[in-house]
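Scroll down for the structure; my scribbles are underneath it.
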Amino acid sequence: MKTNPNHPKFERTLVVIKPDGIQRSLIGEVIKRYEQIGLKLVGIKMLVPTADMVEKHYTLDPQWRTVTGVKTIKAYEARGLKHPISQDPKVVTGVILKTLIDYLTSGPVVAMVWEGAHAVEIVRKLTGGTEPRSSADVGTIRGDYAIDSYIMSDTDKRSVRNILHASGSVKEANDEIPHWFAKNEIFEYKLLVEQIIYGARLEGIL
Ligand code: ADP
Ligand code: MG
């Protein structure tokens, strides 16, 4: 039982290793990075998502179409270029969503729920930004293992391949987790190391 379920150490986030991450044999590497920082895996499964699941996943947040469209148009502008399809963010994301459905339904994915202090922010930091070329720093999963760019993906009319999805905010995580996991697929358990990570005092070592 959690004595204070609102404690920040109980924050949860959704990670989905996308089909390219599975094909690149990066399941272990991704899990290792989140485990090593001290997060706890509380749910995991492999599945081939349906088109409907993918579309719902990306449109749970009504702002997603605008935010992702603006981010893409700005990435082009930063290079002195115009987006090749439209300057309207929602038109841009209309195309992105179609390619995302192809991308995420192309093979098995591994969906996971990670729990721990500031899980959403920490997981995003380890994951890196959306475009591996520009916004995923060296040292992040996307920065270290993906080489893709918007120009590459637009030229080939496909999604940016960036290995995995990670919830972008606490609200997004709270909406996404029940979309992928039933309540009984998420586990409440203790890791003994939590005493070292979160204990008010380090006790029981000597
Ligand atoms: P993130 O996954 O970093 O939260 P978004 O939510 O903005 O990024 O976009 C969802 C996914 O859509 C991205 O991870 C990427 O695979 C794909 N994507 C985003 N923007 C583009 C784009 N401009 N061109 C192609 N694919 C994109
Ligand atoms: Mg996102």
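Residues are referred to by chain and number: the chain letter is A, B, ... according to the order shown in the structure tokens, the number counts from 1 in that chain, and ligands are numbered separately from 1 in the order shown.
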Hey, could you make a per-residue contact list for stretch 118-162 of chain A against stretch 19-42 of chain A with 8 Å as the cut-off, showing the nearest pair of atoms and its distance in Å to one decimal, counting only C-alpha atoms, sorted by chain and number, as JSON lines?
```
{"residue": "A:Ala119", "atom": "CA", "partner": "A:Leu39", "partner_atom": "CA", "distance": 7.2}
{"residue": "A:Val123", "atom": "CA", "partner": "A:Tyr34", "partner_atom": "CA", "distance": 7.0}
{"residue": "A:Leu126", "atom": "CA", "partner": "A:Arg33", "partner_atom": "CA", "distance": 7.5}
{"residue": "A:Ile141", "atom": "CA", "partner": "A:Val30", "partner_atom": "CA", "distance": 7.2}
{"residue": "A:Arg161", "atom": "CA", "partner": "A:Asp20", "partner_atom": "CA", "distance": 6.9}
{"residue": "A:Asn162", "atom": "CA", "partner": "A:Asp20", "partner_atom": "CA", "distance": 7.8}
```
Please find the residues contacting ligand 1 at a distance of at most 9 Å between atoms, with only C-alpha atoms and all ligand atoms counted, and report them as a compact mmCIF listing (two decimals) with N, CA, C and O atoms, in the first residue's frame.
```txt
# COMPACT_ATOMS: atom_id res chain seq x y z
N LYS A 18 9.21 1.54 -30.68
CA LYS A 18 8.55 1.46 -31.99
C LYS A 18 9.17 0.32 -32.82
O LYS A 18 10.25 -0.19 -32.47
N TYR A 58 -2.28 9.22 -30.68
CA TYR A 58 -1.73 10.54 -31.00
C TYR A 58 -2.76 11.67 -30.91
O TYR A 58 -2.37 12.83 -30.83
N TRP A 64 -2.15 18.12 -29.87
CA TRP A 64 -1.03 17.45 -30.53
C TRP A 64 -0.86 17.90 -31.99
O TRP A 64 0.24 18.19 -32.45
N ARG A 65 -1.99 18.00 -32.72
CA ARG A 65 -1.90 18.35 -34.15
C ARG A 65 -1.22 19.71 -34.33
O ARG A 65 -0.39 19.89 -35.21
N VAL A 67 0.71 21.45 -31.98
CA VAL A 67 2.07 21.52 -31.41
C VAL A 67 3.08 20.83 -32.34
O VAL A 67 4.15 21.39 -32.65
N THR A 68 2.77 19.63 -32.79
CA THR A 68 3.71 18.90 -33.63
C THR A 68 3.86 19.57 -35.00
O THR A 68 4.96 19.63 -35.56
N GLY A 69 2.77 20.13 -35.53
CA GLY A 69 2.85 20.84 -36.81
C GLY A 69 3.73 22.08 -36.71
O GLY A 69 4.61 22.31 -37.55
N LYS A 71 6.07 22.66 -34.47
CA LYS A 71 7.45 22.21 -34.23
C LYS A 71 8.13 21.85 -35.56
O LYS A 71 9.29 22.20 -35.80
N THR A 72 7.40 21.18 -36.42
CA THR A 72 7.95 20.75 -37.71
C THR A 72 8.23 21.95 -38.62
O THR A 72 9.32 22.08 -39.20
N ILE A 73 7.26 22.87 -38.70
CA ILE A 73 7.42 24.05 -39.56
C ILE A 73 8.61 24.89 -39.07
O ILE A 73 9.42 25.36 -39.87
N ALA A 75 11.23 23.80 -37.44
CA ALA A 75 12.50 23.09 -37.73
C ALA A 75 12.94 23.39 -39.16
O ALA A 75 14.13 23.56 -39.43
N HIS A 83 8.31 24.36 -45.19
CA HIS A 83 7.82 22.98 -45.21
C HIS A 83 7.28 22.65 -46.59
O HIS A 83 6.54 23.47 -47.17
N VAL A 92 -0.01 19.79 -41.93
CA VAL A 92 1.26 19.06 -41.77
C VAL A 92 1.05 17.81 -40.91
O VAL A 92 1.47 16.71 -41.26
N THR A 93 0.32 17.96 -39.79
CA THR A 93 0.15 16.78 -38.91
C THR A 93 -0.85 15.78 -39.50
O THR A 93 -0.79 14.60 -39.14
N VAL A 95 -0.74 14.75 -42.49
CA VAL A 95 0.15 13.86 -43.25
C VAL A 95 0.97 13.01 -42.28
O VAL A 95 1.12 11.79 -42.46
N ILE A 96 1.49 13.66 -41.22
CA ILE A 96 2.32 12.93 -40.25
C ILE A 96 1.53 11.77 -39.63
O ILE A 96 2.03 10.65 -39.50
N LEU A 97 0.26 12.03 -39.30
CA LEU A 97 -0.55 10.99 -38.65
C LEU A 97 -0.72 9.77 -39.56
O LEU A 97 -0.62 8.63 -39.10
N THR A 99 1.36 8.74 -41.84
CA THR A 99 2.63 7.99 -41.89
C THR A 99 2.89 7.30 -40.55
O THR A 99 3.48 6.21 -40.52
N LEU A 100 2.42 7.90 -39.45
CA LEU A 100 2.62 7.28 -38.14
C LEU A 100 1.84 5.97 -38.02
O LEU A 100 2.30 5.02 -37.39
N TYR A 103 3.83 3.42 -39.80
CA TYR A 103 5.06 3.16 -39.03
C TYR A 103 4.76 2.21 -37.85
O TYR A 103 5.38 1.15 -37.71
N LEU A 104 3.79 2.58 -37.05
CA LEU A 104 3.58 1.84 -35.79
C LEU A 104 2.80 0.54 -35.95
O LEU A 104 2.79 -0.28 -35.05
N ARG A 124 11.78 11.54 -20.70
CA ARG A 124 11.93 12.38 -21.91
C ARG A 124 13.39 12.83 -22.05
O ARG A 124 13.92 12.88 -23.15
N THR A 127 15.36 10.05 -23.33
CA THR A 127 14.91 9.65 -24.67
C THR A 127 15.42 10.61 -25.73
O THR A 127 15.83 10.18 -26.81
N GLY A 128 15.41 11.91 -25.45
CA GLY A 128 15.86 12.89 -26.44
C GLY A 128 14.71 13.45 -27.25
O GLY A 128 13.60 12.94 -27.23
N GLY A 129 14.99 14.54 -27.97
CA GLY A 129 13.96 15.25 -28.75
C GLY A 129 13.51 14.46 -29.98
O GLY A 129 14.12 13.44 -30.35
N THR A 130 12.48 14.96 -30.63
CA THR A 130 11.80 14.21 -31.69
C THR A 130 12.68 13.94 -32.91
O THR A 130 12.68 12.83 -33.44
N GLU A 131 13.38 14.98 -33.37
CA GLU A 131 14.15 14.80 -34.62
C GLU A 131 15.59 14.38 -34.27
O GLU A 131 16.36 15.20 -33.73
N SER A 149 15.93 12.49 -40.03
CA SER A 149 15.60 13.92 -40.04
C SER A 149 14.25 14.13 -40.71
O SER A 149 13.76 13.25 -41.42
N TYR A 150 13.67 15.34 -40.50
CA TYR A 150 12.41 15.67 -41.17
C TYR A 150 12.61 15.67 -42.69
O TYR A 150 11.73 15.24 -43.43
N ILE A 151 13.73 16.18 -43.13
CA ILE A 151 13.97 16.24 -44.59
C ILE A 151 14.03 14.83 -45.17
O ILE A 151 13.43 14.54 -46.22
N MET A 152 14.68 13.92 -44.46
CA MET A 152 14.73 12.52 -44.91
C MET A 152 13.33 11.92 -44.95
O MET A 152 12.93 11.29 -45.93
N SER A 153 12.57 12.11 -43.85
CA SER A 153 11.26 11.45 -43.78
C SER A 153 10.29 12.07 -44.78
O SER A 153 9.50 11.35 -45.39
N ASP A 154 10.36 13.39 -44.97
CA ASP A 154 9.47 14.02 -45.96
C ASP A 154 9.83 13.60 -47.38
O ASP A 154 8.95 13.36 -48.21
N LYS A 157 8.40 10.33 -47.76
CA LYS A 157 6.98 10.26 -47.38
C LYS A 157 6.72 9.21 -46.30
O LYS A 157 5.95 8.26 -46.47
N ARG A 158 7.38 9.36 -45.18
CA ARG A 158 7.22 8.44 -44.05
C ARG A 158 7.44 9.22 -42.75
O ARG A 158 7.79 10.39 -42.78
N SER A 159 7.26 8.51 -41.62
CA SER A 159 7.50 9.13 -40.31
C SER A 159 8.98 9.21 -40.00
O SER A 159 9.76 8.40 -40.51
N VAL A 160 9.32 10.13 -39.13
CA VAL A 160 10.68 10.16 -38.59
C VAL A 160 10.87 8.91 -37.72
O VAL A 160 10.06 8.64 -36.84
N ARG A 161 11.93 8.15 -38.01
CA ARG A 161 12.18 6.93 -37.23
C ARG A 161 13.10 7.29 -36.07
O ARG A 161 14.27 7.58 -36.26
N ASN A 162 12.50 7.27 -34.88
CA ASN A 162 13.26 7.71 -33.70
C ASN A 162 13.17 6.72 -32.55
O ASN A 162 13.23 7.09 -31.40
N ILE A 163 13.01 5.44 -32.88
CA ILE A 163 13.18 4.32 -31.94
C ILE A 163 12.05 4.12 -30.93
O ILE A 163 11.66 2.99 -30.66
N LEU A 164 11.53 5.22 -30.37
CA LEU A 164 10.55 5.01 -29.31
C LEU A 164 9.67 6.24 -29.07
O LEU A 164 10.00 7.33 -29.52
N HIS A 165 8.56 5.97 -28.42
CA HIS A 165 7.66 7.03 -27.95
C HIS A 165 7.82 7.16 -26.44
O HIS A 165 7.96 6.16 -25.75
N ALA A 166 7.75 8.38 -25.94
CA ALA A 166 7.69 8.60 -24.49
C ALA A 166 6.71 9.75 -24.24
O ALA A 166 6.75 10.76 -24.96
N SER A 167 5.85 9.60 -23.26
CA SER A 167 4.85 10.64 -22.97
C SER A 167 5.53 11.99 -22.77
O SER A 167 6.59 12.08 -22.12
N GLY A 168 4.89 13.05 -23.29
CA GLY A 168 5.48 14.38 -23.26
C GLY A 168 5.16 15.21 -22.03
O GLY A 168 5.81 16.22 -21.77
```
Nearest to ligand 2 by atom-to-atom distance, counting only C-alpha atoms and all ligand atoms, from A:Asn184, A:Gly107, A:Ala136, A:Asp61:
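Under the stated criterion, the closest residue is A:Asp61.
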Shell around stretch 3-12 of chain A at 8 Å using only C-alpha atoms, local window under 6 positions removed, as a VMD selection string
chain A and resid 113 to 120 170 173 to 174 198
Can you write just those residues out, C-alpha atoms, as a compact mmCIF listing (two decimals), in the first residue's frame?
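And here's selection38.txt as it stands now:
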```txt
# COMPACT_ATOMS: atom_id res chain seq x y z
CA VAL A 113 4.96 1.81 -17.93
CA TRP A 114 7.82 3.25 -15.86
CA GLU A 115 7.39 4.62 -12.35
CA GLY A 116 9.59 6.86 -10.24
CA ALA A 117 10.43 10.43 -9.23
CA HIS A 118 9.54 12.83 -12.05
CA ALA A 119 9.25 9.82 -14.37
CA VAL A 120 7.79 11.79 -17.30
CA VAL A 170 2.15 14.19 -16.92
CA ALA A 173 1.05 10.05 -19.56
CA ASN A 174 -2.15 9.86 -17.52
CA TYR A 198 14.10 7.52 -1.82
```
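For the set A:Val48, A:Leu14, A:Val110, A:Met1, the residue with the smallest atom-to-atom gap to ligand 2 is A:Leu14, counting only C-alpha atoms and all ligand atoms.
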How far is it from atom CA of A:Met112 to atom CA of A:Lys183, in Å with one decimal?
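Interatomic distance, atom CA of A:Met112 to atom CA of A:Lys183: 13.2 Å.
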Which of these, A:Asp144, A:Ser169, A:Arg79, A:Ser134, has the shortest distance to ligand 2 once you count only C-alpha atoms and all ligand atoms?
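Ranking A:Asp144, A:Ser169, A:Arg79, A:Ser134 by distance to ligand 2, first place goes to A:Ser169.
With only C-alpha atoms as the basis for measurement, A:Glu188 is the residue among A:Glu188, A:Ser86, A:His179, A:Lys171 that approaches A:Lys2 most closely.
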Using atom CA of A:Phe181 and atom CA of A:Ile101 as the two end points, give the distance in Å to one decimal.
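Separation between atom CA of A:Phe181 and atom CA of A:Ile101: 19.3 Å.
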Rank A:Leu192, A:Ile147, A:Val15, A:Leu81 by their smallest atom-to-atom distance to ligand 2, using only C-alpha atoms and all ligand atoms, and report the top residue only.
A:Val15
